[in-house]
Amino acid sequence: MPPVRLSILGAIFVFAVLSACDGDAEPPLIATAIIINESVPGKAMSAGYLSLRNTTHDEISISRVSSPEFGAVEIHESLLQDGVAKMRRVEKLLIPANSTVSLEPGGKHLMLMLPIGAPENISLNFYNDETLQLSVQASLTRSKH
Ligand SMILES: [Cu+2]
């Protein structure tokens with residue numbers, strides 16, 4: 001009965017396509033190596049570093065970072081201008097498809113400003129416009145003086 005055999009093949013094909021799409025259990029964006037430094041005495045500001053890995057086949061853009069423990073969070077980039085170390089704000093952090101972007105000392109970083117109370121544990125929410133892309137928890141790293 002050839003028509004029956006054809007429809008079974010069709011059903012198997014559809015199933016294989018579906019499982020290839022949602023069989024991947026990895027979240028679209030993964031954060032690793034999160035370090036949030038305790039603020040320098042006298043400065044109500046902390047620097048945060050982490051690596052963001054995009055596991056998807058599309059670019060992910062981060063346009064906003066927020067934290068309930070800080071009044072303001074910005075993405076900054078350190079650069080040397082006429083021999084002077086400066087920072088500038090990065091409007092959008094682009095993470096190319098299947099790539100990792102590292103925020104590390106001397107480069108891009110999170111600037112956590114206006115701490116609310118004395119936070120020990122910190123939540124960070126990464127948004128593309130109003131869409132939450134990633135939410136992570138981290139604890140403060142005490143600087144060793
Ligand atoms: Cu900064």
# chains A, B, ... in the order shown; residues from 1 in each chain; ligands from 1

$ residues_near_ligand --ligand "ligand 1" --cutoff "10 Å" --atoms "only C-alpha atoms and all ligand atoms" --output "list of chain:residue names"
A:Met45, A:Ser46, A:Ala47, A:Gly48, A:Val73, A:Glu74, A:Ile75, A:His76, A:Glu77, A:Ser78, A:Lys86, A:Met87, A:Arg88, A:Arg89, A:Val90, A:Pro105, A:Gly106, A:Gly107, A:Lys108, A:His109, A:Leu110, A:Met111, A:Leu112, A:Met113

$ residues_around --residues "region 99-104 of chain A" --least-positions-apart "6" --cutoff "8 Å" --atoms "only C-alpha atoms" --output "tab-separated table (two decimals) with C-alpha atoms, in the first residue's frame"
chain	number	residue	atom	x	y	z
A	48	GLY	CA	31.61	43.92	36.99
A	49	TYR	CA	33.22	41.47	34.61
A	50	LEU	CA	31.85	38.36	32.90
A	51	SER	CA	31.83	36.37	29.70
A	52	LEU	CA	28.65	36.11	27.65
A	53	ARG	CA	28.28	33.22	25.25
A	54	ASN	CA	25.68	33.33	22.51
A	55	THR	CA	24.64	29.75	21.70
A	110	LEU	CA	29.77	46.77	33.78

$ residues_around --residues "Asp129 (chain A)" --least-positions-apart "6" --cutoff "9 Å" --atoms "only C-alpha atoms" --output "JSON, numbers by chain"
{"A": [61, 62, 63, 64]}

$ write_last_selection --atoms "N, CA and C atoms" --output "short mmCIF file (atom, residue, chain, number, x, y, z; two decimals), in the first residue's frame"
data_model
loop_
_atom_site.label_atom_id
_atom_site.label_comp_id
_atom_site.auth_asym_id
_atom_site.auth_seq_id
_atom_site.Cartn_x
_atom_site.Cartn_y
_atom_site.Cartn_z
N SER A 61 21.86 41.28 20.96
CA SER A 61 22.24 42.65 21.29
C SER A 61 21.74 42.97 22.70
N ILE A 62 22.63 43.45 23.55
CA ILE A 62 22.24 43.88 24.90
C ILE A 62 22.23 45.40 24.92
N SER A 63 21.05 45.96 25.15
CA SER A 63 20.94 47.42 25.14
C SER A 63 20.75 48.01 26.53
N ARG A 64 20.51 47.12 27.52
CA ARG A 64 20.25 47.63 28.86
C ARG A 64 20.60 46.55 29.87
#

$ select_by_dssp --residues "chain A" --states "alpha helix (DSSP H)" --output "list in words"
Pro2, Pro3, Val4, Arg5, Leu6, Ser7, Ile8, Leu9, Gly10, Ala11, Ile12, Phe13, Val14, Phe15, Ala16, Val17, Leu18, Ser19, Ala20, Cys21 and Asp22 of chain A

$ closest_atom_pairs --of "region 51-132 of chain A" --to "region 37-43 of chain A" --cutoff "10 Å" --atoms "only C-alpha atoms" --output "tab-separated table"
residue	atom	partner	partner_atom	distance
A:Leu112	CA	A:Ser39	CA	8.9
A:Met113	CA	A:Lys43	CA	9.1
A:Leu114	CA	A:Lys43	CA	9.4
A:Pro115	CA	A:Ser39	CA	9.1
A:Ala118	CA	A:Glu38	CA	9.9
A:Pro119	CA	A:Glu38	CA	9.4
A:Glu120	CA	A:Glu38	CA	9.0

$ write_last_selection --atoms "all heavy atoms" --output "CSV table (one decimal), in the first residue's frame"
chain,number,residue,atom,x,y,z
A,112,LEU,N,28.6,49.5,37.9
A,112,LEU,CA,27.4,49.4,38.8
A,112,LEU,C,27.5,50.6,39.7
A,112,LEU,O,28.4,50.8,40.5
A,112,LEU,CB,27.5,48.1,39.6
A,112,LEU,CG,27.6,46.8,38.7
A,112,LEU,CD1,28.7,46.0,39.1
A,112,LEU,CD2,26.3,46.0,38.8
A,113,MET,N,26.5,51.4,39.6
A,113,MET,CA,26.5,52.7,40.3
A,113,MET,C,25.3,52.8,41.3
A,113,MET,O,24.3,52.1,41.1
A,113,MET,CB,26.5,53.9,39.3
A,113,MET,CG,27.7,53.8,38.4
A,113,MET,SD,27.6,55.0,37.0
A,113,MET,CE,26.5,54.0,36.0
A,114,LEU,N,25.4,53.7,42.3
A,114,LEU,CA,24.4,54.0,43.2
A,114,LEU,C,23.9,52.7,43.9
A,114,LEU,O,22.7,52.3,43.8
A,114,LEU,CB,23.2,54.7,42.6
A,114,LEU,CG,23.5,55.9,41.7
A,114,LEU,CD1,22.3,56.4,40.9
A,114,LEU,CD2,24.1,57.1,42.5
A,115,PRO,N,24.8,52.1,44.7
A,115,PRO,CA,24.4,50.8,45.4
A,115,PRO,C,23.2,51.1,46.4
A,115,PRO,O,23.2,52.2,47.0
A,115,PRO,CB,25.6,50.4,46.1
A,115,PRO,CG,26.5,51.6,46.2
A,115,PRO,CD,26.2,52.4,45.0
A,118,ALA,N,24.0,47.9,51.3
A,118,ALA,CA,25.3,47.3,51.1
A,118,ALA,C,25.1,45.9,50.5
A,118,ALA,O,25.2,44.9,51.2
A,118,ALA,CB,26.0,47.2,52.5
A,119,PRO,N,24.9,45.8,49.2
A,119,PRO,CA,24.6,44.5,48.6
A,119,PRO,C,25.8,43.5,48.7
A,119,PRO,O,26.9,43.9,48.5
A,119,PRO,CB,24.3,44.8,47.2
A,119,PRO,CG,24.9,46.2,46.9
A,119,PRO,CD,24.9,46.9,48.2
A,120,GLU,N,25.4,42.3,49.1
A,120,GLU,CA,26.4,41.2,49.1
A,120,GLU,C,26.2,40.3,47.9
A,120,GLU,O,27.1,39.8,47.2
A,120,GLU,CB,26.2,40.3,50.4
A,120,GLU,CG,26.7,41.0,51.6
A,120,GLU,CD,28.2,40.9,51.8
A,120,GLU,OE1,28.8,39.9,51.4
A,120,GLU,OE2,28.8,41.9,52.3

$ closest_residue --among "A:Ala72, A:Ser67, A:Gln81, A:Leu29" --to "Leu94 (chain A)" --atoms "only C-alpha atoms"
A:Leu29

$ atom_distance --atom1 "CA of Ser123 (chain A)" --atom2 "CA of Val136 (chain A)"
5.7 Å

$ residues_around --residues "Asn125 (chain A)" --least-positions-apart "4" --cutoff "8 Å" --atoms "only C-alpha atoms" --output "PyMOL selection string"
chain A and resi 65-67+132-136

$ decode --residues "region 109-144 of chain A" --atoms "N, CA and C atoms" --output "PDB file, in the first residue's frame"
ATOM      1  N   HIS A 109      33.346  46.608  30.499  1.00  0.00           N
ATOM      2  CA  HIS A 109      32.963  46.194  31.856  1.00  0.00           C
ATOM      3  C   HIS A 109      31.582  46.734  32.188  1.00  0.00           C
ATOM      4  N   LEU A 110      31.018  46.214  33.268  1.00  0.00           N
ATOM      5  CA  LEU A 110      29.769  46.769  33.780  1.00  0.00           C
ATOM      6  C   LEU A 110      30.134  47.778  34.853  1.00  0.00           C
ATOM      7  N   MET A 111      29.501  48.936  34.814  1.00  0.00           N
ATOM      8  CA  MET A 111      29.709  49.934  35.851  1.00  0.00           C
ATOM      9  C   MET A 111      28.441  49.943  36.683  1.00  0.00           C
ATOM     10  N   LEU A 112      28.596  49.478  37.926  1.00  0.00           N
ATOM     11  CA  LEU A 112      27.444  49.390  38.824  1.00  0.00           C
ATOM     12  C   LEU A 112      27.487  50.599  39.745  1.00  0.00           C
ATOM     13  N   MET A 113      26.477  51.440  39.627  1.00  0.00           N
ATOM     14  CA  MET A 113      26.496  52.718  40.340  1.00  0.00           C
ATOM     15  C   MET A 113      25.312  52.831  41.285  1.00  0.00           C
ATOM     16  N   LEU A 114      25.436  53.723  42.265  1.00  0.00           N
ATOM     17  CA  LEU A 114      24.380  54.008  43.232  1.00  0.00           C
ATOM     18  C   LEU A 114      23.891  52.736  43.937  1.00  0.00           C
ATOM     19  N   PRO A 115      24.788  52.055  44.701  1.00  0.00           N
ATOM     20  CA  PRO A 115      24.357  50.838  45.404  1.00  0.00           C
ATOM     21  C   PRO A 115      23.220  51.144  46.379  1.00  0.00           C
ATOM     22  N   ILE A 116      22.293  50.199  46.453  1.00  0.00           N
ATOM     23  CA  ILE A 116      21.151  50.343  47.363  1.00  0.00           C
ATOM     24  C   ILE A 116      21.492  49.512  48.596  1.00  0.00           C
ATOM     25  N   GLY A 117      21.763  50.189  49.706  1.00  0.00           N
ATOM     26  CA  GLY A 117      22.204  49.503  50.909  1.00  0.00           C
ATOM     27  C   GLY A 117      23.634  49.024  50.724  1.00  0.00           C
ATOM     28  N   ALA A 118      23.963  47.856  51.287  1.00  0.00           N
ATOM     29  CA  ALA A 118      25.301  47.273  51.140  1.00  0.00           C
ATOM     30  C   ALA A 118      25.146  45.884  50.537  1.00  0.00           C
ATOM     31  N   PRO A 119      24.915  45.795  49.239  1.00  0.00           N
ATOM     32  CA  PRO A 119      24.601  44.495  48.629  1.00  0.00           C
ATOM     33  C   PRO A 119      25.762  43.506  48.719  1.00  0.00           C
ATOM     34  N   GLU A 120      25.431  42.266  49.060  1.00  0.00           N
ATOM     35  CA  GLU A 120      26.405  41.168  49.086  1.00  0.00           C
ATOM     36  C   GLU A 120      26.155  40.271  47.874  1.00  0.00           C
ATOM     37  N   ASN A 121      24.868  39.999  47.650  1.00  0.00           N
ATOM     38  CA  ASN A 121      24.475  39.186  46.504  1.00  0.00           C
ATOM     39  C   ASN A 121      23.780  40.084  45.494  1.00  0.00           C
ATOM     40  N   ILE A 122      24.171  39.912  44.261  1.00  0.00           N
ATOM     41  CA  ILE A 122      23.753  40.840  43.223  1.00  0.00           C
ATOM     42  C   ILE A 122      23.082  40.077  42.082  1.00  0.00           C
ATOM     43  N   SER A 123      21.958  40.614  41.620  1.00  0.00           N
ATOM     44  CA  SER A 123      21.296  40.071  40.437  1.00  0.00           C
ATOM     45  C   SER A 123      21.548  41.017  39.279  1.00  0.00           C
ATOM     46  N   LEU A 124      21.809  40.443  38.131  1.00  0.00           N
ATOM     47  CA  LEU A 124      22.005  41.262  36.932  1.00  0.00           C
ATOM     48  C   LEU A 124      21.029  40.784  35.870  1.00  0.00           C
ATOM     49  N   ASN A 125      20.323  41.731  35.275  1.00  0.00           N
ATOM     50  CA  ASN A 125      19.374  41.421  34.214  1.00  0.00           C
ATOM     51  C   ASN A 125      19.836  42.090  32.929  1.00  0.00           C
ATOM     52  N   PHE A 126      19.976  41.292  31.894  1.00  0.00           N
ATOM     53  CA  PHE A 126      20.453  41.787  30.607  1.00  0.00           C
ATOM     54  C   PHE A 126      19.278  41.831  29.640  1.00  0.00           C
ATOM     55  N   TYR A 127      19.020  42.997  29.083  1.00  0.00           N
ATOM     56  CA  TYR A 127      17.871  43.193  28.197  1.00  0.00           C
ATOM     57  C   TYR A 127      18.308  43.592  26.799  1.00  0.00           C
ATOM     58  N   ASN A 128      17.486  43.184  25.822  1.00  0.00           N
ATOM     59  CA  ASN A 128      17.531  43.815  24.513  1.00  0.00           C
ATOM     60  C   ASN A 128      16.239  44.608  24.418  1.00  0.00           C
ATOM     61  N   ASP A 129      16.346  45.919  24.527  1.00  0.00           N
ATOM     62  CA  ASP A 129      15.184  46.796  24.689  1.00  0.00           C
ATOM     63  C   ASP A 129      14.386  46.294  25.891  1.00  0.00           C
ATOM     64  N   GLU A 130      13.149  45.837  25.713  1.00  0.00           N
ATOM     65  CA  GLU A 130      12.367  45.401  26.876  1.00  0.00           C
ATOM     66  C   GLU A 130      12.387  43.882  27.057  1.00  0.00           C
ATOM     67  N   THR A 131      13.109  43.162  26.210  1.00  0.00           N
ATOM     68  CA  THR A 131      13.126  41.700  26.288  1.00  0.00           C
ATOM     69  C   THR A 131      14.275  41.233  27.169  1.00  0.00           C
ATOM     70  N   LEU A 132      13.921  40.518  28.246  1.00  0.00           N
ATOM     71  CA  LEU A 132      14.938  39.983  29.146  1.00  0.00           C
ATOM     72  C   LEU A 132      15.663  38.835  28.439  1.00  0.00           C
ATOM     73  N   GLN A 133      16.972  38.970  28.278  1.00  0.00           N
ATOM     74  CA  GLN A 133      17.755  37.950  27.585  1.00  0.00           C
ATOM     75  C   GLN A 133      18.424  36.989  28.573  1.00  0.00           C
ATOM     76  N   LEU A 134      18.784  37.520  29.739  1.00  0.00           N
ATOM     77  CA  LEU A 134      19.538  36.710  30.697  1.00  0.00           C
ATOM     78  C   LEU A 134      19.437  37.340  32.076  1.00  0.00           C
ATOM     79  N   SER A 135      19.307  36.495  33.092  1.00  0.00           N
ATOM     80  CA  SER A 135      19.296  36.960  34.464  1.00  0.00           C
ATOM     81  C   SER A 135      20.298  36.108  35.234  1.00  0.00           C
ATOM     82  N   VAL A 136      21.250  36.723  35.924  1.00  0.00           N
ATOM     83  CA  VAL A 136      22.261  35.957  36.664  1.00  0.00           C
ATOM     84  C   VAL A 136      22.423  36.511  38.079  1.00  0.00           C
ATOM     85  N   GLN A 137      22.880  35.640  38.965  1.00  0.00           N
ATOM     86  CA  GLN A 137      23.165  36.037  40.346  1.00  0.00           C
ATOM     87  C   GLN A 137      24.674  35.938  40.558  1.00  0.00           C
ATOM     88  N   ALA A 138      25.197  36.850  41.354  1.00  0.00           N
ATOM     89  CA  ALA A 138      26.617  36.808  41.674  1.00  0.00           C
ATOM     90  C   ALA A 138      26.816  37.363  43.065  1.00  0.00           C
ATOM     91  N   SER A 139      27.920  36.990  43.700  1.00  0.00           N
ATOM     92  CA  SER A 139      28.203  37.617  44.988  1.00  0.00           C
ATOM     93  C   SER A 139      29.421  38.524  44.827  1.00  0.00           C
ATOM     94  N   LEU A 140      29.452  39.511  45.674  1.00  0.00           N
ATOM     95  CA  LEU A 140      30.484  40.523  45.626  1.00  0.00           C
ATOM     96  C   LEU A 140      31.850  39.936  45.965  1.00  0.00           C
ATOM     97  N   THR A 141      32.858  40.298  45.203  1.00  0.00           N
ATOM     98  CA  THR A 141      34.220  39.869  45.488  1.00  0.00           C
ATOM     99  C   THR A 141      34.921  40.972  46.279  1.00  0.00           C
ATOM    100  N   ARG A 142      35.332  40.617  47.496  1.00  0.00           N
ATOM    101  CA  ARG A 142      36.011  41.625  48.333  1.00  0.00           C
ATOM    102  C   ARG A 142      37.434  41.807  47.824  1.00  0.00           C
ATOM    103  N   SER A 143      37.807  43.068  47.675  1.00  0.00           N
ATOM    104  CA  SER A 143      39.175  43.321  47.220  1.00  0.00           C
ATOM    105  C   SER A 143      40.121  43.125  48.400  1.00  0.00           C
ATOM    106  N   LYS A 144      41.301  42.590  48.108  1.00  0.00           N
ATOM    107  CA  LYS A 144      42.247  42.276  49.177  1.00  0.00           C
ATOM    108  C   LYS A 144      43.276  43.399  49.251  1.00  0.00           C
TER     109      LYS A 144
END
